[in-house]
Each structure stands twice: as structure tokens, then as C-alpha cells.
file upload-v9.cif (mmCIF, C-alpha atoms and all ligand atoms)
data_protein
#
loop_
_atom_site.label_atom_id
_atom_site.label_comp_id
_atom_site.auth_asym_id
_atom_site.auth_seq_id
_atom_site.Cartn_x
_atom_site.Cartn_y
_atom_site.Cartn_z
CA MET A 1 69.52 97.01 63.62
CA ARG A 2 71.12 97.14 60.18
CA GLY A 3 67.97 98.12 58.32
CA ARG A 4 68.47 98.74 54.60
CA ASP A 5 68.78 102.21 53.14
CA ARG A 6 69.35 103.81 56.52
CA LEU A 7 71.47 106.93 55.98
CA TYR A 8 73.97 108.29 58.46
CA ARG A 9 76.73 110.89 58.48
CA THR A 10 80.19 110.86 60.02
CA GLU A 11 83.49 112.57 59.64
CA ALA A 12 86.28 110.21 58.59
CA VAL A 13 89.88 109.84 57.46
CA ILE A 14 90.53 107.44 54.57
CA LEU A 15 93.17 104.99 55.84
CA ARG A 16 93.26 102.52 52.97
CA ARG A 17 91.84 102.35 49.49
CA SER A 18 91.72 99.47 47.05
CA ASP A 19 89.99 98.72 43.74
CA PHE A 20 86.79 96.76 43.94
CA GLY A 21 85.16 95.34 40.81
CA GLU A 22 85.09 97.42 37.62
CA ALA A 23 84.48 100.91 38.95
CA ASP A 24 84.22 100.80 42.73
CA ARG A 25 86.65 101.33 45.58
CA LEU A 26 86.83 99.61 48.91
CA LEU A 27 87.75 102.15 51.60
CA THR A 28 88.97 101.60 55.14
CA LEU A 29 87.77 104.59 57.12
CA PHE A 30 88.73 105.75 60.56
CA THR A 31 85.68 107.66 61.74
CA ALA A 32 85.01 110.04 64.59
CA ARG A 33 81.82 108.23 65.60
CA TYR A 34 82.30 104.55 64.79
CA GLY A 35 86.03 103.82 64.86
CA LYS A 36 87.39 101.83 61.92
CA ARG A 37 84.92 100.78 59.24
CA ARG A 38 85.24 99.24 55.76
CA VAL A 39 82.88 100.76 53.21
CA LEU A 40 82.26 100.83 49.47
CA ALA A 41 82.57 103.93 47.26
CA LYS A 42 80.58 103.09 44.13
CA GLY A 43 81.84 104.50 40.85
CA ALA A 44 84.80 106.12 42.63
CA ARG A 45 87.23 104.99 39.90
CA LYS A 46 85.29 106.77 37.15
CA THR A 47 86.88 110.15 36.48
CA THR A 48 83.40 111.57 35.94
CA SER A 49 82.34 110.65 39.48
CA ARG A 50 81.71 113.76 41.55
CA ARG A 51 82.75 111.91 44.67
CA ALA A 52 86.04 110.52 43.33
CA GLY A 53 88.24 113.43 44.44
CA HIS A 54 86.73 113.48 47.88
CA VAL A 55 87.65 109.92 48.80
CA GLU A 56 91.40 110.11 48.11
CA LEU A 57 93.78 108.40 50.52
CA PHE A 58 94.31 110.26 53.85
CA ASN A 59 91.68 112.90 53.06
CA ARG A 60 89.64 114.08 55.98
CA ALA A 61 86.03 114.16 54.77
CA GLU A 62 82.46 114.56 55.91
CA LEU A 63 80.65 111.48 54.58
CA GLN A 64 77.10 110.34 54.20
CA LEU A 65 76.72 106.57 54.16
CA ALA A 66 73.91 104.15 53.53
CA THR A 67 73.72 100.93 55.53
CA GLY A 68 74.30 98.03 53.14
CA ARG A 69 73.73 94.31 53.47
CA ASN A 70 77.46 93.63 53.97
CA LEU A 71 79.33 96.89 53.43
CA ASP A 72 77.95 100.37 53.95
CA ILE A 73 78.03 102.59 50.87
CA VAL A 74 79.33 106.16 50.54
CA THR A 75 76.48 108.29 49.17
CA ASP A 76 78.03 111.73 49.63
CA ALA A 77 81.50 113.09 50.46
CA GLN A 78 82.81 116.58 51.18
CA ILE A 79 86.49 117.27 51.85
CA VAL A 80 87.28 118.85 55.22
CA ASP A 81 91.06 118.77 54.67
CA ALA A 82 92.98 117.28 51.71
CA TYR A 83 96.47 117.73 53.31
CA LYS A 84 97.94 119.08 50.07
CA ARG A 85 101.67 119.13 50.97
CA LEU A 86 101.39 115.67 52.44
CA HIS A 87 100.47 114.37 48.97
CA GLU A 88 103.15 116.43 47.19
CA GLU A 89 106.18 115.54 49.32
CA LEU A 90 107.19 111.90 49.58
CA PRO A 91 108.70 112.00 53.12
CA ARG A 92 105.43 113.45 54.47
CA LEU A 93 103.39 110.90 52.53
CA SER A 94 105.50 107.98 53.76
CA TYR A 95 104.92 108.98 57.40
CA ALA A 96 101.18 109.21 56.70
CA TYR A 97 101.31 105.63 55.34
CA TYR A 98 103.14 104.52 58.49
CA VAL A 99 100.59 106.18 60.81
CA ALA A 100 97.66 104.67 58.86
CA GLU A 101 99.19 101.20 58.88
CA LEU A 102 99.93 101.27 62.60
CA LEU A 103 96.42 102.49 63.36
CA ASP A 104 94.90 99.82 61.11
CA LYS A 105 96.90 97.07 62.81
CA LEU A 106 96.19 98.17 66.37
CA THR A 107 92.46 98.88 66.14
CA GLY A 108 89.50 96.59 65.48
CA ASP A 109 86.39 97.44 63.45
CA ASP A 110 83.73 99.65 65.04
CA GLU A 111 85.74 100.41 68.20
CA GLU A 112 84.65 103.96 68.95
CA ASN A 113 87.54 106.10 70.22
CA PRO A 114 86.98 109.85 69.66
CA PRO A 115 90.27 110.92 71.35
CA LEU A 116 92.14 108.56 68.99
CA TYR A 117 90.31 110.09 66.01
CA ASN A 118 91.39 113.54 67.19
CA LEU A 119 94.99 112.29 67.52
CA VAL A 120 94.92 110.92 63.95
CA VAL A 121 93.53 114.18 62.53
CA ASP A 122 96.07 116.26 64.51
CA THR A 123 98.88 113.97 63.35
CA LEU A 124 97.95 114.19 59.65
CA HIS A 125 97.58 117.98 59.93
CA THR A 126 101.00 118.23 61.59
CA LEU A 127 102.64 115.91 59.03
CA ASP A 128 101.21 118.27 56.39
CA THR A 129 102.52 121.49 57.96
CA ILE A 130 105.52 120.93 60.28
CA PRO A 131 109.13 121.54 59.09
CA ALA A 132 110.43 118.38 57.41
CA ALA A 133 113.19 118.05 60.05
CA ALA A 134 110.57 117.15 62.67
CA LEU A 135 108.53 114.58 60.70
CA ASP A 136 109.98 111.52 62.47
CA LEU A 137 109.26 113.12 65.85
CA VAL A 138 105.60 113.49 64.86
CA ALA A 139 105.57 109.73 64.23
CA ARG A 140 107.11 109.15 67.69
CA PHE A 141 104.48 111.43 69.25
CA PHE A 142 101.77 109.43 67.48
CA GLU A 143 103.19 106.08 68.69
CA LEU A 144 103.47 107.32 72.27
CA HIS A 145 99.97 108.81 72.42
CA MET A 146 98.29 106.00 70.49
CA LEU A 147 99.73 103.55 73.05
CA ASN A 148 98.24 105.75 75.74
CA LEU A 149 94.77 105.87 74.14
CA LEU A 150 94.73 102.10 73.61
CA GLY A 151 95.52 101.42 77.27
CA TYR A 152 99.31 100.94 77.08
CA ARG A 153 100.49 104.30 78.42
CA PRO A 154 104.30 104.10 78.66
CA ASN A 155 105.55 104.75 82.21
CA LEU A 156 107.87 107.76 82.11
CA PHE A 157 107.33 109.23 85.56
CA ASN A 158 107.05 106.12 87.75
CA CYS A 159 108.89 102.80 87.56
CA THR A 160 107.07 100.34 85.29
CA SER A 161 107.64 97.53 87.79
CA CYS A 162 107.44 99.03 91.34
CA GLN A 163 105.76 102.46 90.66
CA THR A 164 108.53 104.38 92.55
CA PRO A 165 108.86 107.94 91.16
CA LEU A 166 111.72 107.96 88.65
CA THR A 167 114.83 110.09 89.03
CA GLU A 168 117.49 110.98 86.46
CA ALA A 169 119.39 107.87 87.60
CA ALA A 170 116.91 105.69 85.63
CA ASP A 171 118.64 104.33 82.52
CA ARG A 172 116.79 101.16 81.50
CA TRP A 173 113.62 100.61 79.46
CA SER A 174 111.39 97.57 79.72
CA ALA A 175 109.90 96.80 76.29
CA ALA A 176 107.70 94.06 77.78
CA GLY A 177 106.43 96.32 80.58
CA GLY A 178 106.23 99.36 78.34
CA GLY A 179 108.29 101.98 80.14
CA MET A 180 111.19 103.06 82.31
CA LEU A 181 112.57 101.03 85.21
CA CYS A 182 114.09 102.35 88.44
CA PRO A 183 117.74 101.23 89.07
CA VAL A 184 116.59 98.51 91.55
CA CYS A 185 114.07 96.91 89.15
CA ALA A 186 116.48 97.34 86.22
CA GLY A 187 118.88 95.03 88.04
CA LEU A 188 116.19 92.33 88.05
CA GLU A 189 115.39 92.55 84.33
CA PRO A 190 118.32 91.31 82.21
CA HIS A 191 116.54 92.11 78.92
CA ALA A 192 115.95 95.78 79.76
CA LEU A 193 117.20 98.16 77.05
CA PRO A 194 119.73 100.87 77.93
CA ILE A 195 118.37 104.40 77.45
CA SER A 196 120.27 107.68 77.74
CA LEU A 197 119.10 110.59 79.88
CA PRO A 198 118.52 112.86 76.82
CA ALA A 199 116.31 110.14 75.23
CA PHE A 200 114.41 109.67 78.51
CA LYS A 201 113.85 113.44 78.69
CA ALA A 202 112.77 113.69 75.04
CA LEU A 203 110.18 110.92 75.60
CA ARG A 204 108.85 112.76 78.66
CA PHE A 205 108.61 115.94 76.59
CA LEU A 206 106.67 114.12 73.85
CA GLN A 207 104.29 112.55 76.37
CA ARG A 208 103.61 115.76 78.28
CA GLU A 209 103.57 118.49 75.62
CA PRO A 210 101.02 119.05 72.83
CA LEU A 211 101.78 117.81 69.32
CA ALA A 212 102.56 121.32 68.06
CA ALA A 213 105.48 121.50 70.52
CA THR A 214 107.20 118.64 68.66
CA GLU A 215 108.67 121.28 66.35
CA GLN A 216 110.85 122.45 69.27
CA LEU A 217 112.74 119.13 69.13
CA GLN A 218 113.77 119.44 65.48
CA ARG A 219 117.41 120.01 66.42
CA LEU A 220 117.71 116.65 68.21
CA SER A 221 120.69 114.65 66.96
CA GLU A 222 120.19 111.71 64.62
CA PRO A 223 121.54 109.11 67.14
CA LEU A 224 119.11 110.41 69.78
CA ARG A 225 116.18 110.13 67.35
CA GLN A 226 117.23 106.58 66.53
CA GLU A 227 117.38 105.72 70.22
CA ILE A 228 113.84 107.02 70.82
CA GLU A 229 112.60 105.15 67.76
CA ARG A 230 114.27 101.93 68.99
CA VAL A 231 112.63 101.90 72.43
CA LEU A 232 109.18 102.75 71.07
CA ARG A 233 109.48 100.14 68.33
CA ALA A 234 110.54 97.53 70.90
CA THR A 235 107.47 98.49 72.97
CA LEU A 236 105.08 98.27 70.01
CA ARG A 237 106.43 94.92 68.76
CA PRO A 238 104.94 92.61 71.43
CA ILE A 239 101.58 94.43 71.19
CA LEU A 240 101.52 94.08 67.38
CA GLU A 241 102.57 90.42 67.56
CA ARG A 242 99.98 89.65 70.17
CA ASP A 243 97.30 91.21 68.00
CA LEU A 244 98.44 89.38 64.90
CA LYS A 245 98.50 86.11 66.84
CA SER A 246 94.94 86.70 68.03
CA VAL A 247 93.89 87.11 64.39
CA GLU A 248 95.68 83.87 63.42
CA PHE A 249 93.99 82.09 66.30
CA LEU A 250 90.56 83.36 65.29
CA ASP A 251 91.13 82.25 61.71
CA ALA A 252 92.29 78.82 62.87
CA VAL A 253 89.15 78.43 64.96
CA ARG A 254 86.94 79.69 62.15
CA PHE A 255 88.35 77.33 59.51
CA ALA A 256 88.46 74.34 61.84
CA SER A 257 84.73 74.51 62.61
ZN ZN B 301 111.22 99.87 90.29
#

call {"tool": "encode", "arguments": {"input": "upload-v9.cif", "output": "C-alpha cells"}}
result
Amino acid sequence: MRGRDRLYRTEAVILRRSDFGEADRLLTLFTARYGKRRVLAKGARKTTSRRAGHVELFNRAELQLATGRNLDIVTDAQIVDAYKRLHEELPRLSYAYYVAELLDKLTGDDEENPPLYNLVVDTLHTLDTIPAAALDLVARFFELHMLNLLGYRPNLFNCTSCQTPLTEAADRWSAAGGGMLCPVCAGLEPHALPISLPAFKALRFLQREPLAATEQLQRLSEPLRQEIERVLRATLRPILERDLKSVEFLDAVRFAS
């Protein structure tokens, strides 16, 4: 299938970029049509290259690629959105790095997921434009909705363990199960994390409302933000560790044979 010199086009976001040889760059793309893909941008480090400015980190670009023997090669690039403020303001840029790293760790190569691509593009756009006071909440929205699109939707309306509809009496979070527990199930899980009603409600808001609505939460207190961050981080940790372990296992098998 991978015939040489076959050209194809796709829209993409540049997730990672590293030097390759004398003048080239190795890019990790997240594409609308093919999921994550590592490609080569030849001559991208030469300032005279017409394509150089179009393959900057986190740019959203329309690319033309040529199928290569190992890595596909960027043959044309046009910026769709350069996210200017995101590159000028360090807090915005650092959240973009976080989003890109999380996405890179939780997705495999060539796993097509158009809704996830749309989430990434929406997230970068919002990190570029939203008031700075809401940047961390955009990251929380991304975590919550990425979990959803990868098949780990956090349970915020029904108990994670017994599926009973949750009431405001629920005050425990199961990191292993990925969501809220009803009071009965909470009593059976000693490692459940305490969660306040305002944090529970803020998570529901983030899961139910569109990304643009995140701005409405910018007055949330710092302790509440930290609480939301803590439960989502605890939920992501076992998924990230499992994925990293699967990579270690694959490497062990590969090098043993
Ligand atoms: Zn329950």
C-alpha cells in the first residue's frame, strides 16, 4: 500500500518538533484524517525554506505529504492558524505543551479520531484567546473530554460502581474507576478520594457545557481549581502508567527475540 511518491493532503497540528540531520526536522503531527503521525520536513531548519514558518510548533496547517520508505515527507504547508498569542505569552504556551504531551502519551500512531482532532484544535484556539484566568480550566476541559473520546468517560451522573443516579450527597471519587461513587459504594472503597460539592458541580459543568463556556468559571477559587486538578490527575495516572507499561512490555519482547 505504501507506494513511493504517493501524495496526499491532510490538516494537522504540529505536536512535537525536533532537529533531524543537518537541515531537516522530525515532526510529530496530529492529523484530522490519520491520527498521530511522525513525518520529515526537509530543509525546515534553513531560514530560506519557504515551508519553515509553516511547520512551527502547535501551528494548525494544511499539509501535502509524500509517502516515504520509512517516514512520509512534507512537500507543502499552509498555515490555517498560527495561534499568535499562544506563542507570545508563556502561560498559554506552557498549557499548549501540556496538552500536546498528554495527547502524545495517550494516543498511538495512525489511530484515526476526528472528534479528538476537533477537540485539540478547539483547545489550542481557546488557549490562544480565552482570558488568562481561565487557562487551567481549559486544560481540565481537555483532560475530561479526551478521556471521554478515548473510551474512559468519567462518571458524573451515575455511580461509577453501581450506576445509581448520583445525588448531591455523593462526595467520593474513584480514581481507579474513573468517576463519582454513590454513598453506599463509597463505603466499600477505602481509597476513594474526598470531593466537595462545588468541585463535583464544576466537573459536571465542564463535561456538559461547550469549551467556550469554560470562561464562565474563571472566578472559581484557587483551592477549588486544585481539587478538580487533583481528581483528574489521579484518574489519568493509572491510564498513563498502563500505557507506559505496555510500551515497556513491547520493547522487552522486541529486544528479547
Ligand atoms: Zn454506587

call {"tool": "residues_near_ligand", "arguments": {"input": "upload-v9.cif", "ligand": "ligand ZN 301 (chain B)", "cutoff": "12 Å", "atoms": "all atoms listed in the file", "output": "ChimeraX atom specification"}}
result
/A:155-167,169-174,177,179-189

call {"tool": "axis_aligned_box", "arguments": {"input": "upload-v9.cif", "around": "region 56-75 of chain A", "padding_each_side": "8 Å", "output": "lines of an AutoDock Vina configuration file"}}
result
center_x = 84.0
center_y = 104.1
center_z = 52.0
size_x = 36.6
size_y = 36.9
size_z = 23.9

call {"tool": "atom_distance", "arguments": {"input": "upload-v9.cif", "atom1": "CA of Glu89 (chain A)", "atom2": "CA of Asp136 (chain A)"}}
result
14.3 Å

call {"tool": "atom_distance", "arguments": {"input": "upload-v9.cif", "atom1": "CA of Gly178 (chain A)", "atom2": "CA of Thr235 (chain A)"}}
result
5.6 Å

call {"tool": "atom_distance", "arguments": {"input": "upload-v9.cif", "atom1": "CA of Val13 (chain A)", "atom2": "CA of Leu27 (chain A)"}}
result
9.9 Å

call {"tool": "closest_residue", "arguments": {"input": "upload-v9.cif", "among": "A:Thr10, A:Gln207, A:Thr126, A:Ser94", "to": "Lys36 (chain A)", "atoms": "all atoms listed in the file"}}
result
A:Thr10

call {"tool": "residues_near_point", "arguments": {"input": "upload-v9.cif", "point": "(74.0, 102.7, 47.1)", "cutoff": "12 Å", "atoms": "all atoms listed in the file", "output": "list in words"}}
result
Arg4, Asp5, Arg6, Leu7, Asp24, Val39, Leu40, Ala41, Lys42, Gly43, Gln64, Leu65, Ala66, Thr67, Gly68, Arg69, Asn70, Leu71, Asp72, Ile73, Val74, Thr75 and Asp76 of chain A

call {"tool": "write_last_selection", "arguments": {"input": "upload-v9.cif", "atoms": "C-alpha atoms", "output": "PDB file, in the frame of the given file"}}
result
ATOM      1  CA  ARG A   4      68.470  98.740  54.600  1.00  0.00           C
ATOM      2  CA  ASP A   5      68.780 102.210  53.140  1.00  0.00           C
ATOM      3  CA  ARG A   6      69.350 103.810  56.520  1.00  0.00           C
ATOM      4  CA  LEU A   7      71.470 106.930  55.980  1.00  0.00           C
ATOM      5  CA  ASP A  24      84.220 100.800  42.730  1.00  0.00           C
ATOM      6  CA  VAL A  39      82.880 100.760  53.210  1.00  0.00           C
ATOM      7  CA  LEU A  40      82.260 100.830  49.470  1.00  0.00           C
ATOM      8  CA  ALA A  41      82.570 103.930  47.260  1.00  0.00           C
ATOM      9  CA  LYS A  42      80.580 103.090  44.130  1.00  0.00           C
ATOM     10  CA  GLY A  43      81.840 104.500  40.850  1.00  0.00           C
ATOM     11  CA  GLN A  64      77.100 110.340  54.200  1.00  0.00           C
ATOM     12  CA  LEU A  65      76.720 106.570  54.160  1.00  0.00           C
ATOM     13  CA  ALA A  66      73.910 104.150  53.530  1.00  0.00           C
ATOM     14  CA  THR A  67      73.720 100.930  55.530  1.00  0.00           C
ATOM     15  CA  GLY A  68      74.300  98.030  53.140  1.00  0.00           C
ATOM     16  CA  ARG A  69      73.730  94.310  53.470  1.00  0.00           C
ATOM     17  CA  ASN A  70      77.460  93.630  53.970  1.00  0.00           C
ATOM     18  CA  LEU A  71      79.330  96.890  53.430  1.00  0.00           C
ATOM     19  CA  ASP A  72      77.950 100.370  53.950  1.00  0.00           C
ATOM     20  CA  ILE A  73      78.030 102.590  50.870  1.00  0.00           C
ATOM     21  CA  VAL A  74      79.330 106.160  50.540  1.00  0.00           C
ATOM     22  CA  THR A  75      76.480 108.290  49.170  1.00  0.00           C
ATOM     23  CA  ASP A  76      78.030 111.730  49.630  1.00  0.00           C
TER      24      ASP A  76
END

call {"tool": "closest_residue", "arguments": {"input": "upload-v9.cif", "among": "A:Val120, A:Val99, A:Ala133, A:Ala82", "to": "Thr31 (chain A)", "atoms": "all atoms listed in the file"}}
result
A:Val120

call {"tool": "residues_around", "arguments": {"input": "upload-v9.cif", "residues": "Leu15 (chain A)", "least_positions_apart": "5", "cutoff": "8 Å", "atoms": "all atoms listed in the file", "output": "list in words"}}
result
Leu27, Thr28, Leu29, Phe30, Leu57, Phe58, Ala100, Glu101 and Asp104 of chain A

call {"tool": "closest_residue", "arguments": {"input": "upload-v9.cif", "among": "A:Leu193, A:Leu90, A:Leu236, A:Ile79", "to": "Asn148 (chain A)", "atoms": "all atoms listed in the file"}}
result
A:Leu236

call {"tool": "residues_around", "arguments": {"input": "upload-v9.cif", "residues": "Ser221 (chain A)", "least_positions_apart": "6", "cutoff": "12 Å", "atoms": "all atoms listed in the file", "output": "ChimeraX atom specification"}}
result
/A:133-134,137,198-199,202,227-228

call {"tool": "closest_residue", "arguments": {"input": "upload-v9.cif", "among": "A:Ala252, A:Ala61, A:Pro154, A:Leu220", "to": "Val80 (chain A)", "atoms": "all atoms listed in the file"}}
result
A:Ala61

call {"tool": "residues_around", "arguments": {"input": "upload-v9.cif", "residues": "Leu116 (chain A)", "least_positions_apart": "5", "cutoff": "9 Å", "atoms": "all atoms listed in the file", "output": "PyMOL selection string"}}
result
chain A and resi 32+35+121+145-146+149-150

call {"tool": "residues_around", "arguments": {"input": "upload-v9.cif", "residues": "Tyr98 (chain A)", "least_positions_apart": "3", "cutoff": "12 Å", "atoms": "all atoms listed in the file", "output": "list in words"}}
result
Leu15, Arg16, Phe58, Pro91, Arg92, Leu93, Ser94, Tyr95, Glu101, Leu102, Leu103, Asp104, Lys105, Val120, Thr123, Leu124, Leu127, Leu135, Asp136, Val138, Ala139, Arg140, Phe142 and Glu143 of chain A

call {"tool": "write_last_selection", "arguments": {"input": "upload-v9.cif", "atoms": "C-alpha atoms", "output": "PDB file, in the coordinates of the input"}}
result
ATOM      1  CA  LEU A  15      93.170 104.990  55.840  1.00  0.00           C
ATOM      2  CA  ARG A  16      93.260 102.520  52.970  1.00  0.00           C
ATOM      3  CA  PHE A  58      94.310 110.260  53.850  1.00  0.00           C
ATOM      4  CA  PRO A  91     108.700 112.000  53.120  1.00  0.00           C
ATOM      5  CA  ARG A  92     105.430 113.450  54.470  1.00  0.00           C
ATOM      6  CA  LEU A  93     103.390 110.900  52.530  1.00  0.00           C
ATOM      7  CA  SER A  94     105.500 107.980  53.760  1.00  0.00           C
ATOM      8  CA  TYR A  95     104.920 108.980  57.400  1.00  0.00           C
ATOM      9  CA  GLU A 101      99.190 101.200  58.880  1.00  0.00           C
ATOM     10  CA  LEU A 102      99.930 101.270  62.600  1.00  0.00           C
ATOM     11  CA  LEU A 103      96.420 102.490  63.360  1.00  0.00           C
ATOM     12  CA  ASP A 104      94.900  99.820  61.110  1.00  0.00           C
ATOM     13  CA  LYS A 105      96.900  97.070  62.810  1.00  0.00           C
ATOM     14  CA  VAL A 120      94.920 110.920  63.950  1.00  0.00           C
ATOM     15  CA  THR A 123      98.880 113.970  63.350  1.00  0.00           C
ATOM     16  CA  LEU A 124      97.950 114.190  59.650  1.00  0.00           C
ATOM     17  CA  LEU A 127     102.640 115.910  59.030  1.00  0.00           C
ATOM     18  CA  LEU A 135     108.530 114.580  60.700  1.00  0.00           C
ATOM     19  CA  ASP A 136     109.980 111.520  62.470  1.00  0.00           C
ATOM     20  CA  VAL A 138     105.600 113.490  64.860  1.00  0.00           C
ATOM     21  CA  ALA A 139     105.570 109.730  64.230  1.00  0.00           C
ATOM     22  CA  ARG A 140     107.110 109.150  67.690  1.00  0.00           C
ATOM     23  CA  PHE A 142     101.770 109.430  67.480  1.00  0.00           C
ATOM     24  CA  GLU A 143     103.190 106.080  68.690  1.00  0.00           C
TER      25      GLU A 143
END

call {"tool": "closest_residue", "arguments": {"input": "upload-v9.cif", "among": "A:Arg37, A:Tyr83, A:Arg60, A:Asp128", "to": "Glu111 (chain A)", "atoms": "all atoms listed in the file"}}
result
A:Arg37

call {"tool": "closest_residue", "arguments": {"input": "upload-v9.cif", "among": "A:Ala44, A:Ala213, A:Ala12, A:Leu224", "to": "Lys201 (chain A)", "atoms": "only C-alpha atoms"}}
result
A:Leu224
